[in-house]
Amino acid sequence: MRRTEKSVFPTTSDKGANTEILSAHFETLGCRLNQIESEGAADFFSKAGFRVEMRPVSASDAADEKISVCVLNTCAVTTKAEQKARRIARLLLKKFPHAAVIVTGCYVQLSPKEIAALGERVVALPGLAKSSLRDIPEKILCAIKDSSEQNPFPKNFIEEISCKSDSSDKNPNGEFEARAHFGKTDSAEKNPHGNAKKAASEPFVFFSKNFISHSRASLKIQDGCDNACSYCAIHLARGKCVSLDAETVVQRVGELEDAGHSEVSLTGVNLGQYAGAFGGRTIGIAEIISLILLRTKKIAIRISSVHPQIIDEKFCAAIKSERVRAHFHLSVQSGSDSILRKMNRHYTRDDVLRACSMLRDAKENPFLACDIIAGFPSESEDDFSMTLDLLERCSFANVHAFPFSPRKGTGAFSMKPKIPERTKDARVKALSEFAARQKISYIESFAQSTRRAVLENARSRKNAAPHGKKILHAVTDNFIHTEILCDENFPAPKEGSEVFVKIVSAQRDNILAGGEWEAWGEIL
């Protein structure tokens, strides 16, 4: 920052004398886990007295000189995700000209220099040091006390948000010192793909009972991954598997229930590797679900993405409860056993078929979704046909399809033969068209049926309510995103409340266009 620019921090010798409310802006990219970590970090800022906003900034927005700090939580699952992170970071620098821009998350863990090079107002906070966001509001308040126009970014603020950890934790990818970089590219990190000790971070510090941008509660119970899938960099960015102990999981779910939340989504990088301490032993994902059901009264449980091989009799026995939502997302990636082996996935297409069958035996007509990577190196037309065949046989209600993206430091980065981009795009298109047809068919199978649902805020709206009407939004227990047209003076329950919704029809055009809201419904 040039010395002629206005300071981010008010110039006062006594922070108690400062009556201006500080403002923080949050942007989040990537998975549900990132979303929840951002919510938890935002809660720390809010409790410290900051005005917090989480609405994504756009190029058409006017500049806002009142924002003191921005936090950008990044993803590294694809090169496009990293490109998007850089674009948004530049946009934040432009739209909030007097703010410090703290960029954190998986991308920063893997490539801190690329982030730090974006500008001298940028703080690159590696993902494994993300928990230090908890302390930053107080550091900023301390910086306010000591700031001056001659030193717009106080040295003590920079030093305090630098989260240094013991870099002696060796791993196959080398060492990494998880520290913040402030507008510098000459840092001394030894390997951007290494991991700091988990003890240096606090992976479960971000717990909040209040959610700013989400109506449905989520709880992180697991982080990291012990697998080394050949296409995936997330195990490099988030490190080895760690789990929240079972008693704390149950306590936090109980607090969410007491706060009025009607459902909680259990989240993690790889929930199948959950191994929580409980009574002198270790319990897995099926047992923690059962324990939550036993120790709480009525809060519903939604399970985020799981791998097919964890679907066994114990898991299915736990999810039979009516309090477990009929919605499951399987991390499948391919329907070809040959490609699955090259991906270093520890299951076969038969395991996927078995998992879907068991889930349907446990829950009546559940919403089953999956992830598929198109164009993995050496994926032939026969391999892709096997994937389409598996999707048909499993009758998935939705498919999250994305093209293979080579990630540095992973086994697949140098695999050959590479698949042409046009072939990848064509396969993603075919998968997306299949997914749209399947979703429409699934929703239409519930026409005129009644489902439990949670009222949501509308993050995106395609439809405008006619005069005298308003549109409510709800997500059903089986994950149908429903718009409800009602009278303008209808006394709608508050967001997050559970209601009963009758599914009227699928929004075919919106689904085909990739819209978020998928059905019309009536509130009962």
# chains A, B, ... in the order shown; residues from 1 in each chain; ligands from 1
>>> select_by_dssp(residues="segment 365-451 of chain A", states="strand (DSSP E)", output="ChimeraX atom specification")
/A:367-374,398-403,450-451
>>> select_by_dssp(residues="segment 222-414 of chain A", states="helix (DSSP H, G or I)", output="JSON list (two decimals) with N, CA, C and O atoms, in the first residue's frame")
[["chain", "number", "residue", "atom", "x", "y", "z"],
["A", 234, "ILE", "N", -6.28, -32.47, -2.35],
["A", 234, "ILE", "CA", -6.84, -32.04, -1.07],
["A", 234, "ILE", "C", -6.14, -32.70, 0.11],
["A", 234, "ILE", "O", -5.98, -32.09, 1.17],
["A", 235, "HIS", "N", -5.70, -33.95, -0.06],
["A", 235, "HIS", "CA", -4.98, -34.59, 1.05],
["A", 235, "HIS", "C", -3.64, -33.91, 1.30],
["A", 235, "HIS", "O", -3.10, -33.97, 2.40],
["A", 236, "LEU", "N", -3.09, -33.25, 0.25],
["A", 236, "LEU", "CA", -1.87, -32.46, 0.44],
["A", 236, "LEU", "C", -2.18, -31.16, 1.16],
["A", 236, "LEU", "O", -1.41, -30.69, 1.99],
["A", 237, "ALA", "N", -3.33, -30.57, 0.82],
["A", 237, "ALA", "CA", -3.69, -29.27, 1.38],
["A", 237, "ALA", "C", -4.19, -29.36, 2.81],
["A", 237, "ALA", "O", -3.92, -28.49, 3.64],
["A", 238, "ARG", "N", -4.95, -30.41, 3.11],
["A", 238, "ARG", "CA", -5.58, -30.51, 4.44],
["A", 238, "ARG", "C", -4.91, -31.52, 5.37],
["A", 238, "ARG", "O", -5.25, -31.59, 6.54],
["A", 246, "ALA", "N", -16.19, -37.86, 19.97],
["A", 246, "ALA", "CA", -17.63, -38.12, 19.90],
["A", 246, "ALA", "C", -18.44, -37.29, 20.88],
["A", 246, "ALA", "O", -19.53, -36.81, 20.56],
["A", 247, "GLU", "N", -17.93, -37.12, 22.09],
["A", 247, "GLU", "CA", -18.68, -36.35, 23.09],
["A", 247, "GLU", "C", -18.86, -34.90, 22.64],
["A", 247, "GLU", "O", -19.93, -34.30, 22.83],
["A", 248, "THR", "N", -17.83, -34.32, 22.02],
["A", 248, "THR", "CA", -17.94, -32.95, 21.54],
["A", 248, "THR", "C", -18.91, -32.87, 20.36],
["A", 248, "THR", "O", -19.67, -31.91, 20.24],
["A", 249, "VAL", "N", -18.88, -33.89, 19.49],
["A", 249, "VAL", "CA", -19.83, -33.93, 18.39],
["A", 249, "VAL", "C", -21.26, -33.88, 18.91],
["A", 249, "VAL", "O", -22.09, -33.06, 18.50],
["A", 250, "VAL", "N", -21.56, -34.76, 19.86],
["A", 250, "VAL", "CA", -22.91, -34.84, 20.42],
["A", 250, "VAL", "C", -23.28, -33.54, 21.13],
["A", 250, "VAL", "O", -24.40, -33.04, 21.00],
["A", 251, "GLN", "N", -22.33, -32.99, 21.88],
["A", 251, "GLN", "CA", -22.59, -31.73, 22.58],
["A", 251, "GLN", "C", -22.93, -30.61, 21.61],
["A", 251, "GLN", "O", -23.89, -29.86, 21.81],
["A", 252, "ARG", "N", -22.17, -30.51, 20.52],
["A", 252, "ARG", "CA", -22.41, -29.45, 19.55],
["A", 252, "ARG", "C", -23.73, -29.65, 18.82],
["A", 252, "ARG", "O", -24.45, -28.67, 18.55],
["A", 253, "VAL", "N", -24.06, -30.88, 18.47],
["A", 253, "VAL", "CA", -25.36, -31.12, 17.83],
["A", 253, "VAL", "C", -26.48, -30.74, 18.79],
["A", 253, "VAL", "O", -27.48, -30.13, 18.39],
["A", 254, "GLY", "N", -26.31, -31.06, 20.08],
["A", 254, "GLY", "CA", -27.30, -30.68, 21.08],
["A", 254, "GLY", "C", -27.46, -29.17, 21.18],
["A", 254, "GLY", "O", -28.58, -28.66, 21.32],
["A", 255, "GLU", "N", -26.36, -28.45, 21.09],
["A", 255, "GLU", "CA", -26.43, -26.98, 21.13],
["A", 255, "GLU", "C", -27.16, -26.43, 19.91],
["A", 255, "GLU", "O", -27.92, -25.46, 20.02],
["A", 256, "LEU", "N", -26.92, -27.04, 18.75],
["A", 256, "LEU", "CA", -27.63, -26.61, 17.55],
["A", 256, "LEU", "C", -29.13, -26.87, 17.69],
["A", 256, "LEU", "O", -29.96, -26.05, 17.31],
["A", 257, "GLU", "N", -29.47, -28.02, 18.26],
["A", 257, "GLU", "CA", -30.88, -28.34, 18.49],
["A", 257, "GLU", "C", -31.50, -27.34, 19.46],
["A", 257, "GLU", "O", -32.60, -26.83, 19.21],
["A", 258, "ASP", "N", -30.81, -27.05, 20.54],
["A", 258, "ASP", "CA", -31.33, -26.10, 21.53],
["A", 258, "ASP", "C", -31.47, -24.70, 20.94],
["A", 258, "ASP", "O", -32.32, -23.91, 21.39],
["A", 271, "LEU", "N", -15.79, -38.48, 5.35],
["A", 271, "LEU", "CA", -16.54, -38.92, 6.53],
["A", 271, "LEU", "C", -16.35, -40.40, 6.84],
["A", 271, "LEU", "O", -16.48, -40.81, 8.00],
["A", 272, "GLY", "N", -16.06, -41.19, 5.81],
["A", 272, "GLY", "CA", -15.84, -42.62, 6.05],
["A", 272, "GLY", "C", -14.64, -42.89, 6.92],
["A", 272, "GLY", "O", -14.52, -43.98, 7.50],
["A", 273, "GLN", "N", -13.72, -41.93, 7.04],
["A", 273, "GLN", "CA", -12.54, -42.09, 7.89],
["A", 273, "GLN", "C", -12.74, -41.48, 9.27],
["A", 273, "GLN", "O", -11.80, -41.44, 10.07],
["A", 285, "ILE", "N", -18.26, -43.65, 11.62],
["A", 285, "ILE", "CA", -19.35, -42.79, 11.18],
["A", 285, "ILE", "C", -20.71, -43.38, 11.54],
["A", 285, "ILE", "O", -21.62, -42.64, 11.96],
["A", 286, "ALA", "N", -20.90, -44.68, 11.41],
["A", 286, "ALA", "CA", -22.20, -45.28, 11.74],
["A", 286, "ALA", "C", -22.51, -45.11, 13.22],
["A", 286, "ALA", "O", -23.64, -44.80, 13.61],
["A", 287, "GLU", "N", -21.49, -45.31, 14.05],
["A", 287, "GLU", "CA", -21.71, -45.23, 15.49],
["A", 287, "GLU", "C", -21.96, -43.79, 15.96],
["A", 287, "GLU", "O", -22.76, -43.56, 16.86],
["A", 288, "ILE", "N", -21.31, -42.82, 15.32],
["A", 288, "ILE", "CA", -21.55, -41.43, 15.75],
["A", 288, "ILE", "C", -22.95, -41.01, 15.35],
["A", 288, "ILE", "O", -23.61, -40.26, 16.08],
["A", 289, "ILE", "N", -23.44, -41.48, 14.21],
["A", 289, "ILE", "CA", -24.83, -41.19, 13.84],
["A", 289, "ILE", "C", -25.78, -41.76, 14.88],
["A", 289, "ILE", "O", -26.71, -41.08, 15.36],
["A", 290, "SER", "N", -25.56, -43.01, 15.26],
["A", 290, "SER", "CA", -26.42, -43.65, 16.26],
["A", 290, "SER", "C", -26.36, -42.93, 17.60],
["A", 290, "SER", "O", -27.37, -42.77, 18.28],
["A", 291, "LEU", "N", -25.16, -42.48, 17.97],
["A", 291, "LEU", "CA", -24.99, -41.79, 19.25],
["A", 291, "LEU", "C", -25.72, -40.45, 19.25],
["A", 291, "LEU", "O", -26.35, -40.07, 20.24],
["A", 292, "ILE", "N", -25.64, -39.73, 18.14],
["A", 292, "ILE", "CA", -26.36, -38.46, 18.04],
["A", 292, "ILE", "C", -27.86, -38.69, 18.18],
["A", 292, "ILE", "O", -28.56, -37.96, 18.91],
["A", 293, "LEU", "N", -28.37, -39.69, 17.49],
["A", 293, "LEU", "CA", -29.80, -40.00, 17.57],
["A", 293, "LEU", "C", -30.22, -40.36, 18.99],
["A", 293, "LEU", "O", -31.30, -39.99, 19.45],
["A", 294, "LEU", "N", -29.35, -41.06, 19.70],
["A", 294, "LEU", "CA", -29.64, -41.48, 21.07],
["A", 294, "LEU", "C", -29.62, -40.31, 22.04],
["A", 294, "LEU", "O", -30.48, -40.21, 22.93],
["A", 295, "ARG", "N", -28.70, -39.39, 21.86],
["A", 295, "ARG", "CA", -28.47, -38.32, 22.84],
["A", 295, "ARG", "C", -29.22, -37.02, 22.54],
["A", 295, "ARG", "O", -29.16, -36.08, 23.34],
["A", 308, "PRO", "N", -18.29, -45.05, -1.51],
["A", 308, "PRO", "CA", -19.20, -46.21, -1.59],
["A", 308, "PRO", "C", -18.86, -47.34, -0.64],
["A", 308, "PRO", "O", -19.77, -48.02, -0.14],
["A", 309, "GLN", "N", -17.58, -47.58, -0.39],
["A", 309, "GLN", "CA", -17.21, -48.75, 0.39],
["A", 309, "GLN", "C", -17.59, -48.68, 1.86],
["A", 309, "GLN", "O", -17.55, -49.69, 2.57],
["A", 310, "ILE", "N", -17.99, -47.49, 2.35],
["A", 310, "ILE", "CA", -18.38, -47.41, 3.76],
["A", 310, "ILE", "C", -19.85, -47.77, 3.97],
["A", 310, "ILE", "O", -20.30, -47.90, 5.11],
["A", 313, "GLU", "N", -23.78, -52.83, 6.49],
["A", 313, "GLU", "CA", -24.98, -53.11, 7.29],
["A", 313, "GLU", "C", -25.06, -52.20, 8.51],
["A", 313, "GLU", "O", -26.16, -51.74, 8.88],
["A", 314, "LYS", "N", -23.93, -51.93, 9.14],
["A", 314, "LYS", "CA", -23.94, -51.06, 10.32],
["A", 314, "LYS", "C", -24.37, -49.64, 9.94],
["A", 314, "LYS", "O", -25.19, -49.02, 10.64],
["A", 315, "PHE", "N", -23.84, -49.13, 8.84],
["A", 315, "PHE", "CA", -24.20, -47.78, 8.38],
["A", 315, "PHE", "C", -25.69, -47.73, 8.03],
["A", 315, "PHE", "O", -26.41, -46.80, 8.43],
["A", 316, "CYS", "N", -26.16, -48.72, 7.31],
["A", 316, "CYS", "CA", -27.56, -48.72, 6.89],
["A", 316, "CYS", "C", -28.51, -48.88, 8.07],
["A", 316, "CYS", "O", -29.62, -48.33, 8.06],
["A", 317, "ALA", "N", -28.10, -49.61, 9.09],
["A", 317, "ALA", "CA", -28.93, -49.74, 10.29],
["A", 317, "ALA", "C", -29.07, -48.38, 10.98],
["A", 317, "ALA", "O", -30.14, -48.02, 11.48],
["A", 318, "ALA", "N", -27.99, -47.58, 10.97],
["A", 318, "ALA", "CA", -28.03, -46.27, 11.63],
["A", 318, "ALA", "C", -28.91, -45.29, 10.88],
["A", 318, "ALA", "O", -29.62, -44.49, 11.49],
["A", 319, "ILE", "N", -28.90, -45.34, 9.55],
["A", 319, "ILE", "CA", -29.63, -44.34, 8.77],
["A", 319, "ILE", "C", -31.10, -44.67, 8.58],
["A", 319, "ILE", "O", -31.86, -43.87, 8.00],
["A", 337, "ASP", "N", -13.65, -49.92, -13.80],
["A", 337, "ASP", "CA", -12.72, -50.45, -12.80],
["A", 337, "ASP", "C", -11.27, -50.12, -13.16],
["A", 337, "ASP", "O", -10.43, -49.87, -12.27],
["A", 338, "SER", "N", -10.96, -50.12, -14.44],
["A", 338, "SER", "CA", -9.60, -49.79, -14.87],
["A", 338, "SER", "C", -9.24, -48.35, -14.47],
["A", 338, "SER", "O", -8.15, -48.10, -13.94],
["A", 339, "ILE", "N", -10.14, -47.42, -14.72],
["A", 339, "ILE", "CA", -9.88, -46.03, -14.35],
["A", 339, "ILE", "C", -9.87, -45.87, -12.84],
["A", 339, "ILE", "O", -9.04, -45.12, -12.30],
["A", 340, "LEU", "N", -10.75, -46.55, -12.13],
["A", 340, "LEU", "CA", -10.77, -46.46, -10.66],
["A", 340, "LEU", "C", -9.43, -46.91, -10.08],
["A", 340, "LEU", "O", -8.94, -46.32, -9.12],
["A", 341, "ARG", "N", -8.84, -47.95, -10.67],
["A", 341, "ARG", "CA", -7.52, -48.40, -10.18],
["A", 341, "ARG", "C", -6.47, -47.33, -10.42],
["A", 341, "ARG", "O", -5.63, -47.06, -9.56],
["A", 342, "LYS", "N", -6.51, -46.70, -11.59],
["A", 342, "LYS", "CA", -5.53, -45.65, -11.89],
["A", 342, "LYS", "C", -5.75, -44.43, -11.01],
["A", 342, "LYS", "O", -4.81, -43.68, -10.73],
["A", 349, "ARG", "N", -16.84, -50.81, -9.43],
["A", 349, "ARG", "CA", -18.19, -50.45, -9.86],
["A", 349, "ARG", "C", -19.24, -51.32, -9.17],
["A", 349, "ARG", "O", -20.33, -50.86, -8.87],
["A", 350, "ASP", "N", -18.89, -52.58, -8.89],
["A", 350, "ASP", "CA", -19.82, -53.45, -8.18],
["A", 350, "ASP", "C", -20.07, -52.94, -6.76],
["A", 350, "ASP", "O", -21.18, -53.09, -6.23],
["A", 351, "ASP", "N", -19.06, -52.36, -6.15],
["A", 351, "ASP", "CA", -19.25, -51.77, -4.81],
["A", 351, "ASP", "C", -20.23, -50.60, -4.87],
["A", 351, "ASP", "O", -21.02, -50.40, -3.94],
["A", 352, "VAL", "N", -20.18, -49.83, -5.95],
["A", 352, "VAL", "CA", -21.11, -48.71, -6.11],
["A", 352, "VAL", "C", -22.53, -49.24, -6.28],
["A", 352, "VAL", "O", -23.47, -48.74, -5.64],
["A", 353, "LEU", "N", -22.70, -50.26, -7.09],
["A", 353, "LEU", "CA", -24.01, -50.87, -7.28],
["A", 353, "LEU", "C", -24.56, -51.41, -5.96],
["A", 353, "LEU", "O", -25.73, -51.22, -5.63],
["A", 354, "ARG", "N", -23.69, -52.09, -5.23],
["A", 354, "ARG", "CA", -24.11, -52.65, -3.93],
["A", 354, "ARG", "C", -24.49, -51.54, -2.97],
["A", 354, "ARG", "O", -25.52, -51.63, -2.27],
["A", 355, "ALA", "N", -23.70, -50.46, -2.92],
["A", 355, "ALA", "CA", -23.97, -49.36, -2.00],
["A", 355, "ALA", "C", -25.33, -48.73, -2.31],
["A", 355, "ALA", "O", -26.13, -48.46, -1.40],
["A", 356, "CYS", "N", -25.62, -48.48, -3.59],
["A", 356, "CYS", "CA", -26.90, -47.88, -3.96],
["A", 356, "CYS", "C", -28.07, -48.79, -3.59],
["A", 356, "CYS", "O", -29.12, -48.33, -3.12],
["A", 357, "SER", "N", -27.89, -50.07, -3.82],
["A", 357, "SER", "CA", -28.95, -51.03, -3.47],
["A", 357, "SER", "C", -29.21, -51.04, -1.97],
["A", 357, "SER", "O", -30.37, -51.04, -1.52],
["A", 358, "MET", "N", -28.15, -51.02, -1.17],
["A", 358, "MET", "CA", -28.30, -51.04, 0.28],
["A", 358, "MET", "C", -28.96, -49.76, 0.79],
["A", 358, "MET", "O", -29.79, -49.79, 1.71],
["A", 359, "LEU", "N", -28.59, -48.61, 0.19],
["A", 359, "LEU", "CA", -29.20, -47.34, 0.60],
["A", 359, "LEU", "C", -30.69, -47.33, 0.29],
["A", 359, "LEU", "O", -31.50, -46.83, 1.08],
["A", 360, "ARG", "N", -31.06, -47.91, -0.84],
["A", 360, "ARG", "CA", -32.48, -47.95, -1.20],
["A", 360, "ARG", "C", -33.25, -48.94, -0.33],
["A", 360, "ARG", "O", -34.46, -48.77, -0.10],
["A", 361, "ASP", "N", -32.59, -49.95, 0.15],
["A", 361, "ASP", "CA", -33.24, -50.87, 1.10],
["A", 361, "ASP", "C", -33.45, -50.19, 2.45],
["A", 361, "ASP", "O", -34.42, -50.47, 3.15],
["A", 362, "ALA", "N", -32.52, -49.31, 2.82],
["A", 362, "ALA", "CA", -32.59, -48.65, 4.13],
["A", 362, "ALA", "C", -33.55, -47.47, 4.12],
["A", 362, "ALA", "O", -34.20, -47.19, 5.14],
["A", 381, "GLU", "N", -13.35, -44.39, -24.79],
["A", 381, "GLU", "CA", -14.79, -44.32, -25.00],
["A", 381, "GLU", "C", -15.49, -45.47, -24.29],
["A", 381, "GLU", "O", -16.59, -45.30, -23.76],
["A", 382, "ASP", "N", -14.85, -46.64, -24.25],
["A", 382, "ASP", "CA", -15.43, -47.77, -23.53],
["A", 382, "ASP", "C", -15.50, -47.47, -22.03],
["A", 382, "ASP", "O", -16.49, -47.80, -21.37],
["A", 383, "ASP", "N", -14.44, -46.87, -21.49],
["A", 383, "ASP", "CA", -14.44, -46.50, -20.07],
["A", 383, "ASP", "C", -15.58, -45.53, -19.77],
["A", 383, "ASP", "O", -16.30, -45.69, -18.77],
["A", 384, "PHE", "N", -15.75, -44.54, -20.63],
["A", 384, "PHE", "CA", -16.81, -43.56, -20.41],
["A", 384, "PHE", "C", -18.19, -44.20, -20.56],
["A", 384, "PHE", "O", -19.12, -43.88, -19.80],
["A", 385, "SER", "N", -18.32, -45.12, -21.50],
["A", 385, "SER", "CA", -19.59, -45.83, -21.66],
["A", 385, "SER", "C", -19.92, -46.63, -20.41],
["A", 385, "SER", "O", -21.10, -46.73, -20.02],
["A", 386, "MET", "N", -18.90, -47.20, -19.77],
["A", 386, "MET", "CA", -19.14, -47.94, -18.53],
["A", 386, "MET", "C", -19.61, -47.01, -17.42],
["A", 386, "MET", "O", -20.43, -47.40, -16.57],
["A", 387, "THR", "N", -19.10, -45.78, -17.43],
["A", 387, "THR", "CA", -19.56, -44.80, -16.44],
["A", 387, "THR", "C", -21.04, -44.48, -16.67],
["A", 387, "THR", "O", -21.84, -44.47, -15.73],
["A", 388, "LEU", "N", -21.40, -44.20, -17.91],
["A", 388, "LEU", "CA", -22.81, -43.91, -18.21],
["A", 388, "LEU", "C", -23.70, -45.09, -17.85],
["A", 388, "LEU", "O", -24.81, -44.92, -17.32],
["A", 389, "ASP", "N", -23.21, -46.29, -18.13],
["A", 389, "ASP", "CA", -23.98, -47.49, -17.80],
["A", 389, "ASP", "C", -24.19, -47.61, -16.29],
["A", 389, "ASP", "O", -25.28, -47.95, -15.82],
["A", 390, "LEU", "N", -23.14, -47.32, -15.51],
["A", 390, "LEU", "CA", -23.26, -47.40, -14.06],
["A", 390, "LEU", "C", -24.26, -46.37, -13.54],
["A", 390, "LEU", "O", -25.07, -46.67, -12.66],
["A", 391, "LEU", "N", -24.22, -45.18, -14.09],
["A", 391, "LEU", "CA", -25.15, -44.14, -13.65],
["A", 391, "LEU", "C", -26.59, -44.56, -13.94],
["A", 391, "LEU", "O", -27.50, -44.33, -13.13],
["A", 392, "GLU", "N", -26.81, -45.15, -15.11],
["A", 392, "GLU", "CA", -28.15, -45.64, -15.46],
["A", 392, "GLU", "C", -28.59, -46.74, -14.51],
["A", 392, "GLU", "O", -29.72, -46.73, -14.00],
["A", 393, "ARG", "N", -27.72, -47.69, -14.25],
["A", 393, "ARG", "CA", -28.08, -48.82, -13.40],
["A", 393, "ARG", "C", -28.32, -48.39, -11.96],
["A", 393, "ARG", "O", -29.18, -48.97, -11.28],
["A", 394, "CYS", "N", -27.59, -47.39, -11.51],
["A", 394, "CYS", "CA", -27.79, -46.89, -10.14],
["A", 394, "CYS", "C", -28.93, -45.88, -10.06],
["A", 394, "CYS", "O", -29.39, -45.55, -8.96],
["A", 411, "GLY", "N", -0.26, -38.07, -8.40],
["A", 411, "GLY", "CA", 0.20, -39.11, -9.31],
["A", 411, "GLY", "C", -0.31, -38.95, -10.73],
["A", 411, "GLY", "O", 0.37, -39.33, -11.70],
["A", 412, "ALA", "N", -1.52, -38.41, -10.88],
["A", 412, "ALA", "CA", -2.12, -38.31, -12.22],
["A", 412, "ALA", "C", -1.61, -37.11, -13.01],
["A", 412, "ALA", "O", -1.94, -36.97, -14.19],
["A", 413, "PHE", "N", -0.83, -36.26, -12.37],
["A", 413, "PHE", "CA", -0.39, -35.03, -13.03],
["A", 413, "PHE", "C", 0.36, -35.34, -14.33],
["A", 413, "PHE", "O", 0.19, -34.64, -15.34],
["A", 414, "SER", "N", 1.20, -36.37, -14.31],
["A", 414, "SER", "CA", 2.00, -36.69, -15.49],
["A", 414, "SER", "C", 1.50, -37.93, -16.23],
["A", 414, "SER", "O", 2.17, -38.42, -17.14]]
>>> atom_distance(atom1="atom CA of His261 of chain A", atom2="atom CA of Leu524 of chain A")
19.8 Å
>>> atom_distance(atom1="atom CA of Ala519 of chain A", atom2="atom CA of Gln35 of chain A")
24.6 Å
>>> closest_residue(among="A:Gly279, A:Pro366, A:Gly515, A:Gly521", to="Lys502 of chain A", atoms="only C-alpha atoms")
A:Gly521
